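What follows is the content of start27.pdb (PDB, C-alpha atoms).
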```
ATOM      1  CA  MET A   1       7.293 -16.245   5.938  1.00  0.00           C
ATOM      2  CA  VAL A   2       4.546 -13.948   7.197  1.00  0.00           C
ATOM      3  CA  GLN A   3       5.578 -11.679  10.040  1.00  0.00           C
ATOM      4  CA  ASN A   4       3.027 -10.386  12.473  1.00  0.00           C
ATOM      5  CA  VAL A   5       3.014  -6.950  14.023  1.00  0.00           C
ATOM      6  CA  LYS A   6       5.451  -6.663  16.916  1.00  0.00           C
ATOM      7  CA  ALA A   7       4.459  -5.252  20.286  1.00  0.00           C
ATOM      8  CA  ASP A   8       6.901  -2.336  20.020  1.00  0.00           C
ATOM      9  CA  GLU A   9       5.517  -1.167  16.674  1.00  0.00           C
ATOM     10  CA  PRO A  10       3.052   1.705  16.429  1.00  0.00           C
ATOM     11  CA  ASN A  11      -0.671   1.055  16.220  1.00  0.00           C
ATOM     12  CA  LEU A  12      -1.710   0.250  12.627  1.00  0.00           C
ATOM     13  CA  LYS A  13      -4.925   2.294  12.838  1.00  0.00           C
ATOM     14  CA  ASN A  14      -2.919   5.344  13.927  1.00  0.00           C
ATOM     15  CA  ILE A  15      -0.415   4.875  11.111  1.00  0.00           C
ATOM     16  CA  ARG A  16      -3.229   4.518   8.567  1.00  0.00           C
ATOM     17  CA  ARG A  17      -4.842   7.716   9.864  1.00  0.00           C
ATOM     18  CA  GLN A  18      -1.535   9.599   9.700  1.00  0.00           C
ATOM     19  CA  LEU A  19      -0.878   8.240   6.213  1.00  0.00           C
ATOM     20  CA  ARG A  20      -4.231   9.613   5.037  1.00  0.00           C
ATOM     21  CA  GLU A  21      -3.397  12.996   6.593  1.00  0.00           C
ATOM     22  CA  ALA A  22       0.043  12.921   4.961  1.00  0.00           C
ATOM     23  CA  ILE A  23      -1.520  12.759   1.497  1.00  0.00           C
ATOM     24  CA  ASN A  24      -2.187  16.495   1.699  1.00  0.00           C
ATOM     25  CA  ASP A  25       0.339  17.576   4.337  1.00  0.00           C
ATOM     26  CA  SER A  26       4.083  17.437   3.757  1.00  0.00           C
ATOM     27  CA  LYS A  27       4.859  18.064   7.449  1.00  0.00           C
ATOM     28  CA  THR A  28       2.845  15.006   8.465  1.00  0.00           C
ATOM     29  CA  THR A  29       4.640  13.078   5.718  1.00  0.00           C
ATOM     30  CA  ASP A  30       8.051  14.080   7.075  1.00  0.00           C
ATOM     31  CA  SER A  31       7.075  13.346  10.673  1.00  0.00           C
ATOM     32  CA  LEU A  32       5.628   9.940   9.806  1.00  0.00           C
ATOM     33  CA  TYR A  33       8.667   9.056   7.719  1.00  0.00           C
ATOM     34  CA  LYS A  34      11.006   9.916  10.586  1.00  0.00           C
ATOM     35  CA  SER A  35       8.894   7.949  13.064  1.00  0.00           C
ATOM     36  CA  LEU A  36       8.582   4.811  10.910  1.00  0.00           C
ATOM     37  CA  SER A  37      12.215   4.889   9.811  1.00  0.00           C
ATOM     38  CA  SER A  38      13.350   4.761  13.441  1.00  0.00           C
ATOM     39  CA  ILE A  39      11.714   1.349  13.990  1.00  0.00           C
ATOM     40  CA  LYS A  40      14.296  -1.428  14.159  1.00  0.00           C
ATOM     41  CA  ASN A  41      13.710  -4.957  12.781  1.00  0.00           C
ATOM     42  CA  ARG A  42      10.706  -3.870  10.733  1.00  0.00           C
ATOM     43  CA  THR A  43       7.986  -6.260   9.629  1.00  0.00           C
ATOM     44  CA  GLY A  44       6.676  -6.364   6.074  1.00  0.00           C
ATOM     45  CA  ILE A  45       3.758  -4.085   6.875  1.00  0.00           C
ATOM     46  CA  MET A  46       6.061  -1.471   8.411  1.00  0.00           C
ATOM     47  CA  GLU A  47       8.255  -1.585   5.292  1.00  0.00           C
ATOM     48  CA  GLY A  48       5.061  -1.149   3.271  1.00  0.00           C
ATOM     49  CA  PHE A  49       4.082   1.923   5.263  1.00  0.00           C
ATOM     50  CA  ILE A  50       7.567   3.380   4.788  1.00  0.00           C
ATOM     51  CA  ALA A  51       7.260   2.784   1.038  1.00  0.00           C
ATOM     52  CA  GLY A  52       3.898   4.548   1.056  1.00  0.00           C
ATOM     53  CA  VAL A  53       5.394   7.514   2.873  1.00  0.00           C
ATOM     54  CA  GLN A  54       8.300   7.595   0.403  1.00  0.00           C
ATOM     55  CA  ALA A  55       5.703   7.880  -2.371  1.00  0.00           C
ATOM     56  CA  LEU A  56       4.132  10.799  -0.522  1.00  0.00           C
ATOM     57  CA  LYS A  57       7.543  12.436  -0.158  1.00  0.00           C
ATOM     58  CA  ALA A  58       7.786  12.188  -3.958  1.00  0.00           C
ATOM     59  CA  LYS A  59       4.356  13.785  -4.273  1.00  0.00           C
ATOM     60  CA  HIS A  60       5.287  16.690  -2.012  1.00  0.00           C
ATOM     61  CA  ALA A  61       8.793  17.263  -3.430  1.00  0.00           C
ATOM     62  CA  TRP A  62       9.068  20.217  -5.813  1.00  0.00           C
ATOM     63  CA  ASN A  63      12.340  19.128  -7.431  1.00  0.00           C
ATOM     64  CA  PRO A  64      11.779  16.582 -10.259  1.00  0.00           C
ATOM     65  CA  TYR A  65      15.048  14.817  -9.386  1.00  0.00           C
ATOM     66  CA  SER A  66      13.886  14.392  -5.770  1.00  0.00           C
ATOM     67  CA  LYS A  67      10.517  13.088  -6.952  1.00  0.00           C
ATOM     68  CA  ILE A  68      12.217  10.367  -9.028  1.00  0.00           C
ATOM     69  CA  LYS A  69      14.647   9.536  -6.205  1.00  0.00           C
ATOM     70  CA  TYR A  70      11.789   9.038  -3.730  1.00  0.00           C
ATOM     71  CA  LEU A  71       9.844   6.943  -6.241  1.00  0.00           C
ATOM     72  CA  LYS A  72      12.868   4.690  -6.821  1.00  0.00           C
ATOM     73  CA  ASN A  73      13.309   4.272  -3.063  1.00  0.00           C
ATOM     74  CA  CYS A  74       9.584   3.604  -2.727  1.00  0.00           C
ATOM     75  CA  GLU A  75       9.776   0.874  -5.359  1.00  0.00           C
ATOM     76  CA  LYS A  76      12.721  -0.822  -3.613  1.00  0.00           C
ATOM     77  CA  THR A  77      11.044  -0.606  -0.213  1.00  0.00           C
ATOM     78  CA  PHE A  78       7.813  -2.124  -1.544  1.00  0.00           C
ATOM     79  CA  GLU A  79       9.866  -4.993  -3.002  1.00  0.00           C
ATOM     80  CA  LYS A  80      11.432  -5.562   0.415  1.00  0.00           C
ATOM     81  CA  ALA A  81       8.015  -5.466   2.120  1.00  0.00           C
ATOM     82  CA  ILE A  82       6.503  -7.956  -0.319  1.00  0.00           C
ATOM     83  CA  GLU A  83       9.518 -10.225  -0.042  1.00  0.00           C
ATOM     84  CA  VAL A  84       8.890 -10.416   3.725  1.00  0.00           C
ATOM     85  CA  ASP A  85       5.085 -10.724   3.512  1.00  0.00           C
ATOM     86  CA  PRO A  86       4.058 -11.614  -0.074  1.00  0.00           C
ATOM     87  CA  HIS A  87       0.384 -12.309   0.619  1.00  0.00           C
ATOM     88  CA  ASN A  88      -0.397  -9.205   2.678  1.00  0.00           C
ATOM     89  CA  ILE A  89      -3.238  -7.405   0.890  1.00  0.00           C
ATOM     90  CA  GLU A  90      -2.531  -4.131   2.672  1.00  0.00           C
ATOM     91  CA  ILE A  91       1.037  -3.965   1.349  1.00  0.00           C
ATOM     92  CA  ARG A  92      -0.127  -4.997  -2.124  1.00  0.00           C
ATOM     93  CA  PHE A  93      -2.896  -2.387  -1.979  1.00  0.00           C
ATOM     94  CA  MET A  94      -0.516   0.397  -0.995  1.00  0.00           C
ATOM     95  CA  ARG A  95       1.754  -0.456  -3.920  1.00  0.00           C
ATOM     96  CA  PHE A  96      -1.241  -0.769  -6.263  1.00  0.00           C
ATOM     97  CA  SER A  97      -2.573   2.647  -5.221  1.00  0.00           C
ATOM     98  CA  VAL A  98       0.837   4.295  -5.619  1.00  0.00           C
ATOM     99  CA  GLU A  99       1.371   2.767  -9.054  1.00  0.00           C
ATOM    100  CA  ASP A 100      -2.191   3.688 -10.034  1.00  0.00           C
ATOM    101  CA  SER A 101      -1.535   7.357  -9.241  1.00  0.00           C
ATOM    102  CA  VAL A 102       1.923   7.728 -10.813  1.00  0.00           C
ATOM    103  CA  PRO A 103       1.888   8.874 -14.468  1.00  0.00           C
ATOM    104  CA  GLY A 104       2.359   5.848 -16.727  1.00  0.00           C
ATOM    105  CA  PHE A 105       5.216   7.358 -18.727  1.00  0.00           C
ATOM    106  CA  LEU A 106       7.445   7.130 -15.634  1.00  0.00           C
ATOM    107  CA  GLY A 107       7.289   3.333 -15.764  1.00  0.00           C
ATOM    108  CA  TYR A 108       6.320   2.810 -12.128  1.00  0.00           C
ATOM    109  CA  ASN A 109       3.172   0.828 -12.831  1.00  0.00           C
ATOM    110  CA  LYS A 110       4.519  -2.599 -13.747  1.00  0.00           C
ATOM    111  CA  ASN A 111       3.038  -4.390 -10.696  1.00  0.00           C
ATOM    112  CA  ILE A 112      -0.594  -3.299 -11.036  1.00  0.00           C
ATOM    113  CA  ALA A 113      -1.819  -6.522 -12.667  1.00  0.00           C
ATOM    114  CA  VAL A 114       0.107  -8.850 -10.349  1.00  0.00           C
ATOM    115  CA  ASP A 115      -0.969  -6.907  -7.260  1.00  0.00           C
ATOM    116  CA  SER A 116      -4.652  -6.844  -8.195  1.00  0.00           C
ATOM    117  CA  LYS A 117      -4.515 -10.575  -8.944  1.00  0.00           C
ATOM    118  CA  GLU A 118      -2.821 -11.336  -5.605  1.00  0.00           C
ATOM    119  CA  ILE A 119      -5.200  -9.113  -3.647  1.00  0.00           C
ATOM    120  CA  ILE A 120      -8.236 -10.798  -5.198  1.00  0.00           C
ATOM    121  CA  SER A 121      -6.739 -14.237  -4.580  1.00  0.00           C
ATOM    122  CA  GLN A 122      -6.143 -13.470  -0.899  1.00  0.00           C
ATOM    123  CA  LEU A 123      -9.577 -11.868  -0.490  1.00  0.00           C
ATOM    124  CA  ASP A 124     -11.129 -14.970  -2.006  1.00  0.00           C
ATOM    125  CA  LYS A 125      -9.294 -17.071   0.617  1.00  0.00           C
ATOM    126  CA  LYS A 126     -10.426 -14.620   3.325  1.00  0.00           C
ATOM    127  CA  ASN A 127      -6.761 -13.994   4.095  1.00  0.00           C
ATOM    128  CA  TYR A 128      -6.999 -10.339   5.094  1.00  0.00           C
ATOM    129  CA  GLY A 129      -3.626 -10.166   6.851  1.00  0.00           C
ATOM    130  CA  THR A 130      -3.245  -6.864   8.689  1.00  0.00           C
ATOM    131  CA  ALA A 131      -6.338  -5.332   7.055  1.00  0.00           C
ATOM    132  CA  ASP A 132      -9.434  -4.979   9.211  1.00  0.00           C
ATOM    133  CA  ARG A 133     -12.965  -5.187   7.775  1.00  0.00           C
ATOM    134  CA  GLU A 134     -13.186  -1.439   7.109  1.00  0.00           C
ATOM    135  CA  LEU A 135      -9.888  -1.376   5.219  1.00  0.00           C
ATOM    136  CA  THR A 136     -10.779  -4.537   3.307  1.00  0.00           C
ATOM    137  CA  ILE A 137     -13.968  -2.877   2.055  1.00  0.00           C
ATOM    138  CA  GLU A 138     -11.971   0.241   1.130  1.00  0.00           C
ATOM    139  CA  ILE A 139      -9.463  -1.892  -0.803  1.00  0.00           C
ATOM    140  CA  ILE A 140     -12.210  -3.636  -2.756  1.00  0.00           C
ATOM    141  CA  LYS A 141     -13.958  -0.362  -3.626  1.00  0.00           C
ATOM    142  CA  PHE A 142     -10.677   1.219  -4.717  1.00  0.00           C
ATOM    143  CA  LEU A 143      -9.860  -1.710  -6.995  1.00  0.00           C
ATOM    144  CA  VAL A 144     -13.335  -1.665  -8.553  1.00  0.00           C
ATOM    145  CA  ASN A 145     -13.168   2.095  -9.172  1.00  0.00           C
ATOM    146  CA  SER A 146      -9.555   2.102 -10.387  1.00  0.00           C
ATOM    147  CA  ARG A 147     -10.442   0.906 -13.896  1.00  0.00           C
ATOM    148  CA  ARG A 148      -7.345  -1.281 -13.701  1.00  0.00           C
ATOM    149  CA  CYS A 149      -9.177  -4.582 -13.182  1.00  0.00           C
ATOM    150  CA  THR A 150     -10.743  -6.841 -15.780  1.00  0.00           C
ATOM    151  CA  PRO A 151     -14.541  -7.231 -15.937  1.00  0.00           C
ATOM    152  CA  THR A 152     -14.147 -10.725 -14.442  1.00  0.00           C
ATOM    153  CA  GLN A 153     -12.090  -9.330 -11.561  1.00  0.00           C
ATOM    154  CA  ILE A 154     -14.657  -6.584 -10.976  1.00  0.00           C
ATOM    155  CA  ASP A 155     -17.437  -9.186 -10.794  1.00  0.00           C
ATOM    156  CA  GLU A 156     -15.388 -11.190  -8.280  1.00  0.00           C
ATOM    157  CA  LEU A 157     -14.647  -8.074  -6.225  1.00  0.00           C
ATOM    158  CA  ASN A 158     -18.319  -7.085  -6.150  1.00  0.00           C
ATOM    159  CA  LYS A 159     -19.215 -10.574  -4.875  1.00  0.00           C
ATOM    160  CA  LEU A 160     -16.531 -10.328  -2.192  1.00  0.00           C
ATOM    161  CA  LEU A 161     -17.783  -6.876  -1.217  1.00  0.00           C
ATOM    162  CA  ALA A 162     -21.374  -8.107  -0.939  1.00  0.00           C
ATOM    163  CA  ALA A 163     -20.210 -10.936   1.337  1.00  0.00           C
ATOM    164  CA  LEU A 164     -18.516  -8.433   3.676  1.00  0.00           C
ATOM    165  CA  LYS A 165     -21.538  -6.148   4.045  1.00  0.00           C
TER
END
```

Please express the file's structure as structure tokens.
Amino acid sequence: MVQNVKADEPNLKNIRRQLREAINDSKTTDSLYKSLSSIKNRTGIMEGFIAGVQALKAKHAWNPYSKIKYLKNCEKTFEKAIEVDPHNIEIRFMRFSVEDSVPGFLGYNKNIAVDSKEIISQLDKKNYGTADRELTIEIIKFLVNSRRCTPTQIDELNKLLAALK
């Protein structure tokens, strides 16, 4: 079942902006985590944002044990988000980008192929979910540049990108 954004949830554009800021700022990460965690009855996309912030908490943590703990929590939260909204390309993209950036030896990259396949499938159906046009273009470009997609997938993504421009 796909859940839509609820009226009492924060604005998605604002959360996306804060998430980008949090990449390089641990204080923004902590503030965003506290804010998102306080939301009751969260939708899939909100769970996805929390998972993304948990990944950033792992990035900013100095203690290796804390890094692993946050990554494990991130993985569980992404599973919860995808269980609620399995076809949401924004959630899938967040998980893909986290798994793409985590060193492979940690074993947190097992969903890359399934996520890229699902994202491409939904893009092909023009099922953008919570992603606006700008984010959809960003997702496509990231996938193409990630070197995680097959040549066939890259061709498909380039066609989808051309159709959006």

Residue IDs satisfying the PyMOL selection byres ((chain A and resi 90) around 9), as a ChimeraX atom specification: /A:45,48,87-89,91-95,119,128-131,135-136,139

Interatomic distance (Å, one decimal) between atom CA of Lys117 of chain A and atom CA of Glu83 of chain A: 16.6 Å

Output check: residues returned by the PyMOL selection byres ((chain A and resi 46) around 12), as a ChimeraX atom specification: /A:3-6,8-12,15-16,32-33,35-45,47-53,77-78,80-82,84-85,88,90-91,94,130

Using C-alpha atoms, can you export the residues from the last selection as a short mmCIF file (atom, residue, chain, number, x, y, z; two decimals), in the coordinates of the input?
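Okay, again-v6.cif is ready:
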```
data_model
loop_
_atom_site.label_atom_id
_atom_site.label_comp_id
_atom_site.auth_asym_id
_atom_site.auth_seq_id
_atom_site.Cartn_x
_atom_site.Cartn_y
_atom_site.Cartn_z
CA GLN A 3 5.58 -11.68 10.04
CA ASN A 4 3.03 -10.39 12.47
CA VAL A 5 3.01 -6.95 14.02
CA LYS A 6 5.45 -6.66 16.92
CA ASP A 8 6.90 -2.34 20.02
CA GLU A 9 5.52 -1.17 16.67
CA PRO A 10 3.05 1.70 16.43
CA ASN A 11 -0.67 1.06 16.22
CA LEU A 12 -1.71 0.25 12.63
CA ILE A 15 -0.42 4.88 11.11
CA ARG A 16 -3.23 4.52 8.57
CA LEU A 32 5.63 9.94 9.81
CA TYR A 33 8.67 9.06 7.72
CA SER A 35 8.89 7.95 13.06
CA LEU A 36 8.58 4.81 10.91
CA SER A 37 12.22 4.89 9.81
CA SER A 38 13.35 4.76 13.44
CA ILE A 39 11.71 1.35 13.99
CA LYS A 40 14.30 -1.43 14.16
CA ASN A 41 13.71 -4.96 12.78
CA ARG A 42 10.71 -3.87 10.73
CA THR A 43 7.99 -6.26 9.63
CA GLY A 44 6.68 -6.36 6.07
CA ILE A 45 3.76 -4.08 6.88
CA GLU A 47 8.26 -1.58 5.29
CA GLY A 48 5.06 -1.15 3.27
CA PHE A 49 4.08 1.92 5.26
CA ILE A 50 7.57 3.38 4.79
CA ALA A 51 7.26 2.78 1.04
CA GLY A 52 3.90 4.55 1.06
CA VAL A 53 5.39 7.51 2.87
CA THR A 77 11.04 -0.61 -0.21
CA PHE A 78 7.81 -2.12 -1.54
CA LYS A 80 11.43 -5.56 0.42
CA ALA A 81 8.02 -5.47 2.12
CA ILE A 82 6.50 -7.96 -0.32
CA VAL A 84 8.89 -10.42 3.72
CA ASP A 85 5.08 -10.72 3.51
CA ASN A 88 -0.40 -9.20 2.68
CA GLU A 90 -2.53 -4.13 2.67
CA ILE A 91 1.04 -3.96 1.35
CA MET A 94 -0.52 0.40 -1.00
CA THR A 130 -3.24 -6.86 8.69
#
```

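Proximity to Ser97 of chain A was assessed for A:Arg147, A:His60, A:Lys72, A:Lys67 counting only C-alpha atoms; the smallest distance is recorded for A:Arg147.
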
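Of note, atom CA of Ile23 of chain A and atom CA of Leu56 of chain A are spaced 6.3 Å apart.
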
Using 8 Å of padding on each side, determine the axis-aligned box around all atoms of segment 29-43 of chain A present in the file and give its centre and edge lengths in Å to one decimal, as AutoDock Vina command-line options.
```
--center_x 9.5 --center_y 3.9 --center_z 9.9 --size_x 25.7 --size_y 36.3 --size_z 24.4
```

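Relative to atom CA of Lys159 of chain A, atom CA of Ser116 of chain A is found at 15.4 Å.
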
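Between Glu75 of chain A and the residues A:Ile120, A:Pro103, A:Ala61, A:Tyr108, the shortest atom-to-atom distance, using all atoms listed in the file, involves A:Tyr108.
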
Selection under test: the PyMOL selection byres ((chain A and resi 161) around 12); residues as an NGL selection string: :A and (120 or 123-124 or 126 or 133-144 or 154-160 or 162-165)

Take the residues from that selection and put them in a file with C-alpha atoms, as a compact mmCIF listing (two decimals), keeping the file's coordinate frame.
```txt
# COMPACT_ATOMS: atom_id res chain seq x y z
CA ILE A 120 -8.24 -10.80 -5.20
CA LEU A 123 -9.58 -11.87 -0.49
CA ASP A 124 -11.13 -14.97 -2.01
CA LYS A 126 -10.43 -14.62 3.32
CA ARG A 133 -12.96 -5.19 7.78
CA GLU A 134 -13.19 -1.44 7.11
CA LEU A 135 -9.89 -1.38 5.22
CA THR A 136 -10.78 -4.54 3.31
CA ILE A 137 -13.97 -2.88 2.06
CA GLU A 138 -11.97 0.24 1.13
CA ILE A 139 -9.46 -1.89 -0.80
CA ILE A 140 -12.21 -3.64 -2.76
CA LYS A 141 -13.96 -0.36 -3.63
CA PHE A 142 -10.68 1.22 -4.72
CA LEU A 143 -9.86 -1.71 -7.00
CA VAL A 144 -13.34 -1.66 -8.55
CA ILE A 154 -14.66 -6.58 -10.98
CA ASP A 155 -17.44 -9.19 -10.79
CA GLU A 156 -15.39 -11.19 -8.28
CA LEU A 157 -14.65 -8.07 -6.22
CA ASN A 158 -18.32 -7.08 -6.15
CA LYS A 159 -19.22 -10.57 -4.88
CA LEU A 160 -16.53 -10.33 -2.19
CA ALA A 162 -21.37 -8.11 -0.94
CA ALA A 163 -20.21 -10.94 1.34
CA LEU A 164 -18.52 -8.43 3.68
CA LYS A 165 -21.54 -6.15 4.04
```

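The shortest atom-to-atom distance to Asp30 of chain A, with only C-alpha atoms taken into account, belongs to A:Gln54 out of A:Gln122, A:Asn14, A:Asn111, A:Gln54.
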
Please return segment 28-57 of chain A, rebuilt to N, CA and C atoms, as a PDB file, in the frame of the given file.
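File part.pdb, as written:
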```
ATOM      1  N   THR A  28       3.257  16.310   7.933  1.00  0.00           N
ATOM      2  CA  THR A  28       2.845  15.006   8.465  1.00  0.00           C
ATOM      3  C   THR A  28       3.628  13.903   7.771  1.00  0.00           C
ATOM      4  N   THR A  29       3.849  14.055   6.471  1.00  0.00           N
ATOM      5  CA  THR A  29       4.640  13.078   5.718  1.00  0.00           C
ATOM      6  C   THR A  29       6.034  12.959   6.318  1.00  0.00           C
ATOM      7  N   ASP A  30       6.691  14.090   6.532  1.00  0.00           N
ATOM      8  CA  ASP A  30       8.051  14.080   7.075  1.00  0.00           C
ATOM      9  C   ASP A  30       8.095  13.483   8.476  1.00  0.00           C
ATOM     10  N   SER A  31       7.139  13.849   9.305  1.00  0.00           N
ATOM     11  CA  SER A  31       7.075  13.346  10.673  1.00  0.00           C
ATOM     12  C   SER A  31       6.842  11.833  10.691  1.00  0.00           C
ATOM     13  N   LEU A  32       5.925  11.372   9.864  1.00  0.00           N
ATOM     14  CA  LEU A  32       5.628   9.940   9.806  1.00  0.00           C
ATOM     15  C   LEU A  32       6.819   9.160   9.265  1.00  0.00           C
ATOM     16  N   TYR A  33       7.492   9.716   8.279  1.00  0.00           N
ATOM     17  CA  TYR A  33       8.667   9.056   7.719  1.00  0.00           C
ATOM     18  C   TYR A  33       9.757   8.895   8.779  1.00  0.00           C
ATOM     19  N   LYS A  34       9.989   9.954   9.524  1.00  0.00           N
ATOM     20  CA  LYS A  34      11.006   9.916  10.586  1.00  0.00           C
ATOM     21  C   LYS A  34      10.629   8.880  11.644  1.00  0.00           C
ATOM     22  N   SER A  35       9.379   8.876  12.041  1.00  0.00           N
ATOM     23  CA  SER A  35       8.894   7.949  13.064  1.00  0.00           C
ATOM     24  C   SER A  35       9.014   6.488  12.610  1.00  0.00           C
ATOM     25  N   LEU A  36       8.545   6.196  11.402  1.00  0.00           N
ATOM     26  CA  LEU A  36       8.582   4.811  10.910  1.00  0.00           C
ATOM     27  C   LEU A  36      10.006   4.350  10.627  1.00  0.00           C
ATOM     28  N   SER A  37      10.831   5.247  10.131  1.00  0.00           N
ATOM     29  CA  SER A  37      12.215   4.889   9.811  1.00  0.00           C
ATOM     30  C   SER A  37      13.027   4.543  11.046  1.00  0.00           C
ATOM     31  N   SER A  38      12.605   5.025  12.205  1.00  0.00           N
ATOM     32  CA  SER A  38      13.350   4.761  13.441  1.00  0.00           C
ATOM     33  C   SER A  38      13.066   3.371  14.013  1.00  0.00           C
ATOM     34  N   ILE A  39      12.060   2.682  13.487  1.00  0.00           N
ATOM     35  CA  ILE A  39      11.714   1.349  13.990  1.00  0.00           C
ATOM     36  C   ILE A  39      12.779   0.353  13.533  1.00  0.00           C
ATOM     37  N   LYS A  40      13.287  -0.408  14.466  1.00  0.00           N
ATOM     38  CA  LYS A  40      14.296  -1.428  14.159  1.00  0.00           C
ATOM     39  C   LYS A  40      13.596  -2.755  13.860  1.00  0.00           C
ATOM     40  N   ASN A  41      14.238  -3.626  13.106  1.00  0.00           N
ATOM     41  CA  ASN A  41      13.710  -4.957  12.781  1.00  0.00           C
ATOM     42  C   ASN A  41      12.258  -4.877  12.299  1.00  0.00           C
ATOM     43  N   ARG A  42      12.053  -4.124  11.240  1.00  0.00           N
ATOM     44  CA  ARG A  42      10.706  -3.870  10.733  1.00  0.00           C
ATOM     45  C   ARG A  42      10.077  -5.099  10.078  1.00  0.00           C
ATOM     46  N   THR A  43       8.777  -5.221  10.285  1.00  0.00           N
ATOM     47  CA  THR A  43       7.986  -6.260   9.629  1.00  0.00           C
ATOM     48  C   THR A  43       7.668  -5.803   8.208  1.00  0.00           C
ATOM     49  N   GLY A  44       7.070  -6.697   7.436  1.00  0.00           N
ATOM     50  CA  GLY A  44       6.676  -6.364   6.074  1.00  0.00           C
ATOM     51  C   GLY A  44       5.722  -5.190   6.013  1.00  0.00           C
ATOM     52  N   ILE A  45       4.742  -5.165   6.907  1.00  0.00           N
ATOM     53  CA  ILE A  45       3.758  -4.085   6.875  1.00  0.00           C
ATOM     54  C   ILE A  45       4.408  -2.737   7.193  1.00  0.00           C
ATOM     55  N   MET A  46       5.372  -2.730   8.107  1.00  0.00           N
ATOM     56  CA  MET A  46       6.061  -1.471   8.411  1.00  0.00           C
ATOM     57  C   MET A  46       6.883  -1.002   7.208  1.00  0.00           C
ATOM     58  N   GLU A  47       7.531  -1.941   6.523  1.00  0.00           N
ATOM     59  CA  GLU A  47       8.255  -1.585   5.292  1.00  0.00           C
ATOM     60  C   GLU A  47       7.272  -1.024   4.267  1.00  0.00           C
ATOM     61  N   GLY A  48       6.085  -1.629   4.192  1.00  0.00           N
ATOM     62  CA  GLY A  48       5.061  -1.149   3.271  1.00  0.00           C
ATOM     63  C   GLY A  48       4.631   0.274   3.585  1.00  0.00           C
ATOM     64  N   PHE A  49       4.450   0.557   4.873  1.00  0.00           N
ATOM     65  CA  PHE A  49       4.082   1.923   5.263  1.00  0.00           C
ATOM     66  C   PHE A  49       5.198   2.906   4.916  1.00  0.00           C
ATOM     67  N   ILE A  50       6.443   2.504   5.140  1.00  0.00           N
ATOM     68  CA  ILE A  50       7.567   3.380   4.788  1.00  0.00           C
ATOM     69  C   ILE A  50       7.567   3.644   3.283  1.00  0.00           C
ATOM     70  N   ALA A  51       7.324   2.605   2.493  1.00  0.00           N
ATOM     71  CA  ALA A  51       7.260   2.784   1.038  1.00  0.00           C
ATOM     72  C   ALA A  51       6.147   3.761   0.662  1.00  0.00           C
ATOM     73  N   GLY A  52       5.001   3.627   1.316  1.00  0.00           N
ATOM     74  CA  GLY A  52       3.898   4.548   1.056  1.00  0.00           C
ATOM     75  C   GLY A  52       4.262   5.984   1.385  1.00  0.00           C
ATOM     76  N   VAL A  53       4.969   6.165   2.483  1.00  0.00           N
ATOM     77  CA  VAL A  53       5.394   7.514   2.873  1.00  0.00           C
ATOM     78  C   VAL A  53       6.450   8.041   1.896  1.00  0.00           C
ATOM     79  N   GLN A  54       7.325   7.166   1.408  1.00  0.00           N
ATOM     80  CA  GLN A  54       8.300   7.595   0.403  1.00  0.00           C
ATOM     81  C   GLN A  54       7.585   8.094  -0.858  1.00  0.00           C
ATOM     82  N   ALA A  55       6.493   7.424  -1.222  1.00  0.00           N
ATOM     83  CA  ALA A  55       5.703   7.880  -2.371  1.00  0.00           C
ATOM     84  C   ALA A  55       5.117   9.263  -2.098  1.00  0.00           C
ATOM     85  N   LEU A  56       4.677   9.482  -0.872  1.00  0.00           N
ATOM     86  CA  LEU A  56       4.132  10.799  -0.522  1.00  0.00           C
ATOM     87  C   LEU A  56       5.222  11.866  -0.500  1.00  0.00           C
ATOM     88  N   LYS A  57       6.428  11.483  -0.104  1.00  0.00           N
ATOM     89  CA  LYS A  57       7.543  12.436  -0.158  1.00  0.00           C
ATOM     90  C   LYS A  57       7.797  12.837  -1.617  1.00  0.00           C
TER      91      LYS A  57
END
```
